[in-house]
>>> print(open('work.pdb').read())   # PDB, C-alpha atoms
ATOM      1  CA  MET A 270     172.855 162.535 131.909
ATOM      2  CA  PRO A 271     172.314 166.123 130.733
ATOM      3  CA  GLN A 272     168.693 167.207 130.584
ATOM      4  CA  PRO A 273     167.112 167.710 127.142
ATOM      5  CA  PRO A 274     166.458 171.245 125.894
ATOM      6  CA  ASP A 275     162.698 170.822 126.355
ATOM      7  CA  ALA A 276     162.957 169.486 129.948
ATOM      8  CA  ASP A 277     161.003 172.360 131.480
ATOM      9  CA  ALA A 278     158.219 171.983 128.932
ATOM     10  CA  ARG A 279     157.927 168.274 129.664
ATOM     11  CA  ARG A 280     157.717 168.934 133.411
ATOM     12  CA  ALA A 281     155.070 171.601 132.845
ATOM     13  CA  VAL A 282     152.546 169.191 131.296
ATOM     14  CA  ALA A 283     149.371 169.385 133.402
ATOM     15  CA  PRO A 284     148.354 166.264 135.345
ATOM     16  CA  VAL A 285     145.140 164.307 134.743
ATOM     17  CA  ILE A 286     143.265 162.554 137.568
ATOM     18  CA  CYS A 287     143.368 158.850 136.727
ATOM     19  CA  TYR A 288     140.194 157.666 138.437
ATOM     20  CA  PRO A 289     137.742 160.491 139.245
ATOM     21  CA  PRO A 290     135.558 158.875 141.947
ATOM     22  CA  GLU A 291     132.631 161.222 141.382
ATOM     23  CA  THR A 292     131.748 159.278 138.212
ATOM     24  CA  GLY A 293     131.011 156.151 140.284
ATOM     25  CA  PRO A 294     128.343 155.296 142.877
ATOM     26  CA  GLN A 295     128.197 157.795 145.727
ATOM     27  CA  PRO A 296     127.415 157.126 149.398
ATOM     28  CA  ASP A 297     124.237 158.657 150.791
ATOM     29  CA  LEU A 298     125.925 160.553 153.607
ATOM     30  CA  ASP A 299     122.697 162.290 154.644
ATOM     31  CA  LEU A 300     120.986 158.917 155.115
ATOM     32  CA  TYR A 301     123.939 157.605 157.096
ATOM     33  CA  ALA A 302     123.972 160.705 159.302
ATOM     34  CA  ALA A 303     120.261 160.395 160.026
ATOM     35  CA  ALA A 304     120.636 156.700 160.860
ATOM     36  CA  ARG A 305     123.603 157.409 163.133
ATOM     37  CA  LYS A 306     121.605 159.843 165.291
ATOM     38  CA  GLY A 307     119.349 157.076 166.598
ATOM     39  CA  ALA A 308     121.961 154.312 166.684
ATOM     40  CA  LYS A 309     122.598 152.388 169.897
ATOM     41  CA  LYS A 310     125.937 151.072 171.072
ATOM     42  CA  THR A 311     126.106 147.283 170.865
ATOM     43  CA  GLY A 312     129.746 146.492 171.580
ATOM     44  CA  GLU A 313     133.179 147.746 172.531
ATOM     45  CA  VAL A 314     136.711 146.432 172.094
ATOM     46  CA  ILE A 315     139.829 147.866 173.733
ATOM     47  CA  VAL A 316     142.996 147.274 171.725
ATOM     48  CA  ALA A 317     145.948 147.068 174.098
ATOM     49  CA  PRO A 318     149.214 148.895 173.303
ATOM     50  CA  ARG A 319     151.526 146.893 171.023
ATOM     51  CA  ASP A 320     148.731 144.404 170.397
ATOM     52  CA  ALA A 321     145.746 143.977 168.089
ATOM     53  CA  ALA A 322     142.137 142.831 168.207
ATOM     54  CA  CYS A 323     139.492 141.802 165.693
ATOM     55  CA  PHE A 324     135.811 142.698 165.819
ATOM     56  CA  ASP A 325     132.656 141.951 163.821
ATOM     57  CA  VAL A 326     130.449 144.639 162.307
ATOM     58  CA  PRO A 327     127.227 143.724 160.467
ATOM     59  CA  ALA A 328     126.321 145.550 157.272
ATOM     60  CA  GLY A 329     124.451 148.753 158.028
ATOM     61  CA  HIS A 330     126.117 149.256 161.418
ATOM     62  CA  PHE A 331     128.642 151.907 162.421
ATOM     63  CA  PHE A 332     132.007 151.515 164.117
ATOM     64  CA  ARG A 333     134.196 154.167 165.707
ATOM     65  CA  ILE A 334     137.933 154.071 166.455
ATOM     66  CA  THR A 335     138.918 156.419 169.276
ATOM     67  CA  SER A 336     142.252 157.465 170.743
ATOM     68  CA  VAL A 337     142.240 157.057 174.523
ATOM     69  CA  GLU A 338     144.787 157.988 177.215
ATOM     70  CA  GLY A 339     147.379 159.387 174.797
ATOM     71  CA  PRO A 340     148.287 159.914 171.113
ATOM     72  CA  GLN A 341     148.349 156.578 169.341
ATOM     73  CA  VAL A 342     148.159 155.417 165.734
ATOM     74  CA  GLY A 343     146.609 152.180 164.529
ATOM     75  CA  ASP A 344     147.064 149.838 161.578
ATOM     76  CA  PHE A 345     143.686 148.762 160.249
ATOM     77  CA  ASN A 346     142.673 145.703 158.193
ATOM     78  CA  LEU A 347     139.198 144.843 156.926
ATOM     79  CA  TRP A 348     137.774 141.558 155.627
ATOM     80  CA  ASN A 349     134.447 140.314 154.282
ATOM     81  CA  ALA A 350     133.146 138.337 157.263
ATOM     82  CA  ALA A 351     131.930 135.539 154.987
ATOM     83  CA  ASP A 352     134.988 135.341 152.730
ATOM     84  CA  LEU A 353     138.407 136.472 153.918
ATOM     85  CA  SER A 354     139.710 136.536 150.338
ATOM     86  CA  GLU A 355     137.687 139.723 149.875
ATOM     87  CA  ARG A 356     139.640 142.271 151.855
ATOM     88  CA  PHE A 357     140.569 145.930 151.941
ATOM     89  CA  TYR A 358     142.477 147.036 148.828
ATOM     90  CA  SER A 359     144.636 149.975 149.878
ATOM     91  CA  GLY A 360     146.083 150.498 146.406
ATOM     92  CA  LYS A 361     142.731 150.943 144.684
ATOM     93  CA  THR A 362     141.427 153.045 147.574
ATOM     94  CA  ARG A 363     144.479 155.261 147.114
ATOM     95  CA  ALA A 364     143.911 155.474 143.347
ATOM     96  CA  LEU A 365     140.273 156.474 143.838
ATOM     97  CA  HIS A 366     140.534 158.839 146.811
ATOM     98  CA  GLY A 367     144.171 159.845 147.239
ATOM     99  CA  SER A 368     147.052 159.066 149.545
ATOM    100  CA  HIS A 369     145.062 159.965 152.680
ATOM    101  CA  VAL A 370     141.359 159.408 153.302
ATOM    102  CA  ASN A 371     138.740 161.280 155.286
ATOM    103  CA  THR A 372     134.996 161.857 155.587
ATOM    104  CA  GLY A 373     133.047 160.688 152.546
ATOM    105  CA  ASP A 374     135.820 158.419 151.252
ATOM    106  CA  ARG A 375     135.304 154.665 151.053
ATOM    107  CA  LEU A 376     137.463 151.624 151.723
ATOM    108  CA  TRP A 377     137.311 149.403 148.649
ATOM    109  CA  SER A 378     137.738 145.645 148.378
ATOM    110  CA  THR A 379     140.015 143.503 146.252
ATOM    111  CA  PHE A 380     139.269 142.066 142.815
ATOM    112  CA  PRO A 381     137.019 140.549 141.605
ATOM    113  CA  THR A 382     134.435 142.095 143.943
ATOM    114  CA  LEU A 383     135.806 145.681 143.994
ATOM    115  CA  ARG A 384     133.059 147.301 146.034
ATOM    116  CA  PRO A 385     132.925 149.591 149.060
ATOM    117  CA  MET A 386     133.435 147.716 152.315
ATOM    118  CA  ALA A 387     133.068 150.758 154.572
ATOM    119  CA  THR A 388     132.499 154.491 154.243
ATOM    120  CA  ILE A 389     134.100 157.121 156.489
ATOM    121  CA  VAL A 390     131.245 159.134 157.990
ATOM    122  CA  ALA A 391     133.032 161.239 160.637
ATOM    123  CA  ASP A 392     136.604 162.275 161.439
ATOM    124  CA  THR A 393     137.653 164.725 164.153
ATOM    125  CA  LEU A 394     141.004 165.215 162.371
ATOM    126  CA  ASP A 395     139.449 166.429 159.110
ATOM    127  CA  TRP A 396     140.843 169.878 159.953
ATOM    128  CA  TYR A 397     144.472 168.789 159.501
ATOM    129  CA  GLY A 398     144.577 168.681 155.714
ATOM    130  CA  PHE A 399     148.154 168.653 154.393
ATOM    131  CA  ASP A 400     150.943 170.394 156.295
ATOM    132  CA  ALA A 401     154.021 172.239 155.009
ATOM    133  CA  PHE A 402     155.957 168.959 154.739
ATOM    134  CA  GLY A 403     153.223 167.321 152.654
ATOM    135  CA  GLY A 404     152.063 165.231 155.601
ATOM    136  CA  GLY A 405     148.446 164.184 156.071
ATOM    137  CA  VAL A 406     146.459 161.932 158.417
ATOM    138  CA  HIS A 407     144.920 158.462 157.783
ATOM    139  CA  ASP A 408     147.154 157.250 154.966
ATOM    140  CA  VAL A 409     146.637 154.351 152.587
ATOM    141  CA  ILE A 410     150.242 154.367 151.386
ATOM    142  CA  GLY A 411     152.086 152.581 154.188
ATOM    143  CA  THR A 412     152.155 148.807 154.263
ATOM    144  CA  ARG A 413     152.394 148.129 158.073
ATOM    145  CA  CYS A 414     155.411 147.650 160.319
ATOM    146  CA  ASP A 415     156.526 144.047 160.070
ATOM    147  CA  PRO A 416     159.204 141.683 161.432
ATOM    148  CA  TYR A 417     160.596 140.839 158.003
ATOM    149  CA  THR A 418     161.641 144.384 157.128
ATOM    150  CA  GLY A 419     162.903 144.854 160.681
ATOM    151  CA  ASN A 420     165.048 141.747 160.380
ATOM    152  CA  LEU A 421     166.339 142.921 157.007
ATOM    153  CA  LEU A 422     167.325 146.409 158.148
ATOM    154  CA  GLN A 423     168.251 145.971 161.819
ATOM    155  CA  GLY A 424     168.428 142.233 162.431
ATOM    156  CA  GLY A 425     166.660 140.531 165.309
ATOM    157  CA  HIS A 426     163.120 139.230 165.717
ATOM    158  CA  TYR A 427     160.636 141.804 167.006
ATOM    159  CA  HIS A 428     157.208 140.185 167.476
ATOM    160  CA  TYR A 429     154.913 143.098 168.403
ATOM    161  CA  CYS A 430     154.877 145.020 165.136
ATOM    162  CA  CYS A 431     151.528 145.549 163.451
ATOM    163  CA  HIS A 432     151.861 142.662 160.986
ATOM    164  CA  SER A 433     152.449 140.167 163.782
ATOM    165  CA  ASN A 434     149.819 141.781 166.008
ATOM    166  CA  LEU A 435     147.193 141.481 163.263
ATOM    167  CA  THR A 436     148.257 137.905 162.504
ATOM    168  CA  ARG A 437     147.746 136.870 166.132
ATOM    169  CA  ALA A 438     144.436 138.725 166.368
ATOM    170  CA  LEU A 439     142.991 137.175 163.220
ATOM    171  CA  ALA A 440     144.141 133.706 164.278
ATOM    172  CA  ASP A 441     142.483 134.131 167.672
ATOM    173  CA  HIS A 442     139.286 135.521 166.146
ATOM    174  CA  THR A 443     138.846 132.784 163.533
ATOM    175  CA  GLY A 444     140.502 129.757 165.120
ATOM    176  CA  MET A 445     143.114 129.555 162.371
ATOM    177  CA  THR A 446     146.748 128.827 163.077
ATOM    178  CA  LEU A 447     149.242 131.664 162.799
ATOM    179  CA  HIS A 448     150.513 130.260 159.494
ATOM    180  CA  GLU A 449     146.955 130.074 158.143
ATOM    181  CA  ALA A 450     146.076 133.572 159.293
ATOM    182  CA  GLU A 451     149.213 135.405 158.163
ATOM    183  CA  PRO A 452     148.496 135.406 154.382
ATOM    184  CA  HIS A 453     145.192 137.189 155.058
ATOM    185  CA  VAL A 454     146.910 140.152 156.742
ATOM    186  CA  HIS A 455     147.237 142.892 154.151
ATOM    187  CA  ASP A 456     148.309 146.473 153.491
ATOM    188  CA  VAL A 457     146.587 148.756 155.930
ATOM    189  CA  MET A 458     144.853 152.022 156.452
ATOM    190  CA  ASN A 459     147.081 153.838 158.937
ATOM    191  CA  VAL A 460     144.489 155.319 161.281
ATOM    192  CA  PHE A 461     145.589 158.622 162.908
ATOM    193  CA  MET A 462     149.113 158.278 161.466
ATOM    194  CA  CYS A 463     150.642 161.424 159.932
ATOM    195  CA  THR A 464     152.684 160.583 156.847
ATOM    196  CA  GLY A 465     153.756 161.746 153.417
ATOM    197  CA  PHE A 466     156.605 161.675 150.932
ATOM    198  CA  THR A 467     159.663 163.912 151.130
ATOM    199  CA  ARG A 468     159.758 166.516 148.373
ATOM    200  CA  ASP A 469     163.431 166.012 147.487
ATOM    201  CA  THR A 470     163.835 162.210 147.568
ATOM    202  CA  GLY A 471     160.232 160.930 147.484
ATOM    203  CA  GLN A 472     160.770 158.821 150.614
ATOM    204  CA  TYR A 473     157.907 157.755 152.829
ATOM    205  CA  PHE A 474     158.039 159.651 156.128
ATOM    206  CA  MET A 475     156.136 159.729 159.393
ATOM    207  CA  LYS A 476     155.828 162.446 162.011
ATOM    208  CA  ALA A 477     154.128 162.790 165.375
ATOM    209  CA  SER A 478     150.403 162.306 164.939
ATOM    210  CA  PRO A 479     148.116 165.244 165.787
ATOM    211  CA  VAL A 480     145.641 162.812 167.414
ATOM    212  CA  ARG A 481     144.680 163.472 171.030
ATOM    213  CA  PRO A 482     142.535 161.506 173.492
ATOM    214  CA  GLY A 483     138.923 161.762 172.396
ATOM    215  CA  ASP A 484     139.687 162.098 168.693
ATOM    216  CA  TYR A 485     137.958 159.490 166.541
ATOM    217  CA  ILE A 486     137.218 158.287 163.055
ATOM    218  CA  GLU A 487     133.914 156.577 162.333
ATOM    219  CA  PHE A 488     132.839 154.218 159.563
ATOM    220  CA  PHE A 489     129.615 152.812 158.129
ATOM    221  CA  ALA A 490     129.900 149.099 157.282
ATOM    222  CA  GLU A 491     128.656 148.559 153.743
ATOM    223  CA  ILE A 492     128.919 144.752 154.010
ATOM    224  CA  ASP A 493     129.357 142.311 156.911
ATOM    225  CA  VAL A 494     132.979 142.810 157.941
ATOM    226  CA  ILE A 495     135.659 141.694 160.334
ATOM    227  CA  GLY A 496     137.879 144.572 161.363
ATOM    228  CA  GLY A 497     141.418 144.146 162.643
ATOM    229  CA  LEU A 498     143.178 146.968 164.477
ATOM    230  CA  SER A 499     146.735 147.080 165.836
ATOM    231  CA  ALA A 500     147.880 149.713 168.324
ATOM    232  CA  CYS A 501     151.238 150.364 166.654
ATOM    233  CA  PRO A 502     154.414 149.938 168.733
ATOM    234  CA  GLY A 503     155.469 153.351 167.414
ATOM    235  CA  GLY A 504     152.885 155.114 169.595
ATOM    236  CA  ASP A 505     152.296 158.446 167.857
ATOM    237  CA  CYS A 506     155.057 157.492 165.338
ATOM    238  CA  GLY A 507     156.954 160.689 166.025
ATOM    239  CA  ALA A 508     160.306 158.942 166.438
ATOM    240  CA  GLU A 509     160.422 155.234 165.586
ATOM    241  CA  HIS A 510     158.353 152.095 165.319
ATOM    242  CA  THR A 511     158.913 148.340 165.603
ATOM    243  CA  SER A 512     160.391 148.614 169.091
ATOM    244  CA  ASP A 513     159.434 148.890 172.752
ATOM    245  CA  VAL A 514     160.878 152.406 173.082
ATOM    246  CA  ALA A 515     157.958 154.688 172.174
ATOM    247  CA  PRO A 516     155.181 155.429 174.710
ATOM    248  CA  CYS A 517     152.093 153.547 173.536
ATOM    249  CA  HIS A 518     148.416 153.760 174.438
ATOM    250  CA  PRO A 519     145.261 151.722 173.855
ATOM    251  CA  LEU A 520     142.698 152.329 171.134
ATOM    252  CA  LYS A 521     138.960 151.867 171.558
ATOM    253  CA  VAL A 522     136.532 150.440 169.014
ATOM    254  CA  GLU A 523     132.787 150.948 169.488
ATOM    255  CA  ILE A 524     130.021 149.413 167.374
ATOM    256  CA  TYR A 525     126.588 151.014 166.896
ATOM    257  CA  ALA A 526     123.370 149.570 165.464
ATOM    258  CA  PRO A 527     120.874 151.888 163.746
ATOM    259  CA  ALA A 528     117.220 151.888 164.789
ATOM    260  CA  ASP A 529     114.809 149.676 162.875
ATOM    261  CA  GLY A 530     113.762 151.371 159.666
ATOM    262  CA  ALA A 531     116.488 154.009 159.804
ATOM    263  CA  LEU A 532     118.099 152.684 156.630
ATOM    264  CA  ASP A 533     114.946 152.006 154.612
ATOM    265  CA  GLY A 534     115.850 151.981 150.939
ATOM    266  CA  TRP A 535     119.525 151.258 151.539
ATOM    267  CA  GLN A 536     121.088 148.090 150.132
ATOM    268  CA  SER A 537     124.477 146.551 150.712
ATOM    269  CA  PRO A 538     126.544 147.001 147.526
ATOM    270  CA  PRO A 539     126.729 143.899 145.316
ATOM    271  CA  PRO A 540     130.001 142.558 143.924
ATOM    272  CA  ASN A 541     131.430 144.429 140.952
ATOM    273  CA  GLY A 542     129.445 143.944 137.753
ATOM    274  CA  TYR A 543     132.354 143.184 135.431
ATOM    275  CA  ASP A 544     131.634 139.877 133.639
ATOM    276  CA  ARG A 545     135.177 138.523 134.177
ATOM    277  CA  SER A 546     135.462 137.277 130.589
ATOM    278  CA  HIS A 547     138.793 139.139 130.163
ATOM    279  CA  GLY A 548     138.415 139.257 126.396
ATOM    280  CA  ARG A 549     137.886 135.520 125.900
TER     281      ARG A 549
END
>>> encode(input="work.pdb", output="structure tokens")
Amino acid sequence: MPQPPDADARRAVAPVICYPPETGPQPDLDLYAAARKGAKKTGEVIVAPRDAACFDVPAGHFFRITSVEGPQVGDFNLWNAADLSERFYSGKTRALHGSHVNTGDRLWSTFPTLRPMATIVADTLDWYGFDAFGGGVHDVIGTRCDPYTGNLLQGGHYHYCCHSNLTRALADHTGMTLHEAEPHVHDVMNVFMCTGFTRDTGQYFMKASPVRPGDYIEFFAEIDVIGGLSACPGGDCGAEHTSDVAPCHPLKVEIYAPADGALDGWQSPPPNGYDRSHGR
């Protein structure tokens, strides 16, 4: 179709931010930083390449995801430890903070609770920003590599993609069957992954992650959570995923407890205050 005579004027309309997060409750990053200084390590989980693991983090504790041995991205899920139906909501997190998250951003939960589950308090890849291709690190736009899309596009049955890895890990952690656990696996935060959308076609792309051994991202748990982390079969996702071709490396998760009294005055966020009447 030919473009209308006012096409350029329509394209030139200035954008408006839909959900400015600064109008909502803000994390006390200074308090978190002070509490982190005296925190003691209480646990560690090593996530094997092409596999996943779950871990528990009490409210008010910190957890750190670190790249070890080589560049590796991870697909991250988060659940309320007491109610798996409250889980990380990547779409709303994206609407509030943008396509990629970093220090000071929060991971929000699903309706009807819609509250922060965790806050990012440190990130050694904060320097990356957005590159010339529009790529950034730690996206909340990708869904997770999965066997269903793989079967649709290439055929076959690959079992060590992130969806299957997280399904096995959650089943093992909770005692559920695989069929019971699978519906709880959800769209992820792609930790360390470098992604964006092509400028000409708007397609989701990935490129080799800038992560190196020793790089980490750290979170403050706002509520009691179960974390699930898959060491993606794509390795640094510089070439392909959902296969055994890419070099892959483990990821490390460490959990830290603050000293007694370090969080005086802090309270875990309550569920969202909307009355749920929906106009009736």
>>> atom_distance(input="work.pdb", atom1="atom CA of Ala283 of chain A", atom2="atom CA of Ser359 of chain A")
25.9 Å
>>> resolve_selection(input="work.pdb", expression="the PyMOL selection byres ((chain A and resi 401) around 12)", output="VMD selection string")
chain A and resid 397 to 400 402 to 405 464 to 468
>>> closest_atom_pairs(input="work.pdb", of="segment 342-375 of chain A", to="segment 297-310 of chain A", cutoff="12 Å", atoms="only C-alpha atoms", output="Markdown table")
| residue | atom | partner | partner_atom | distance |
| --- | --- | --- | --- | --- |
| A:Thr372 | CA | A:Leu298 | CA | 9.4 |
| A:Gly373 | CA | A:Leu298 | CA | 7.2 |
| A:Asp374 | CA | A:Leu298 | CA | 10.4 |
| A:Arg375 | CA | A:Leu298 | CA | 11.4 |
>>> write_last_selection(input="work.pdb", atoms="C-alpha atoms", output="compact mmCIF listing (two decimals), in the coordinates of the input")
# COMPACT_ATOMS: atom_id res chain seq x y z
CA THR A 372 135.00 161.86 155.59
CA GLY A 373 133.05 160.69 152.55
CA ASP A 374 135.82 158.42 151.25
CA ARG A 375 135.30 154.66 151.05
>>> residues_near_point(input="work.pdb", point="(157.5, 160.4, 158.6)", cutoff="12 Å", atoms="all atoms listed in the file", output="list in words")
Phe402, Gly403, Gly404, Gly405, Val406, Asp408, Ile410, Gly411, Met462, Cys463, Thr464, Gly465, Phe466, Thr467, Gly471, Gln472, Tyr473, Phe474, Met475, Lys476, Ala477, Ser478, Gly503, Asp505, Cys506, Gly507, Ala508, Glu509 and His510 of chain A
>>> resolve_selection(input="work.pdb", expression="the PyMOL selection byres ((chain A and resi 458) around 7)", output="mmCIF file with C-alpha atoms, in the frame of the given file")
data_model
loop_
_atom_site.group_PDB
_atom_site.id
_atom_site.type_symbol
_atom_site.label_atom_id
_atom_site.label_comp_id
_atom_site.auth_asym_id
_atom_site.auth_seq_id
_atom_site.Cartn_x
_atom_site.Cartn_y
_atom_site.Cartn_z
ATOM 1 C CA ASP A 344 147.064 149.838 161.578
ATOM 2 C CA PHE A 345 143.686 148.762 160.249
ATOM 3 C CA ASN A 346 142.673 145.703 158.193
ATOM 4 C CA SER A 359 144.636 149.975 149.878
ATOM 5 C CA HIS A 407 144.920 158.462 157.783
ATOM 6 C CA ASP A 408 147.154 157.250 154.966
ATOM 7 C CA VAL A 409 146.637 154.351 152.587
ATOM 8 C CA VAL A 457 146.587 148.756 155.930
ATOM 9 C CA ASN A 459 147.081 153.838 158.937
ATOM 10 C CA VAL A 460 144.489 155.319 161.281
#
>>> atom_distance(input="work.pdb", atom1="atom CA of Val342 of chain A", atom2="atom CA of Ser354 of chain A")
25.8 Å
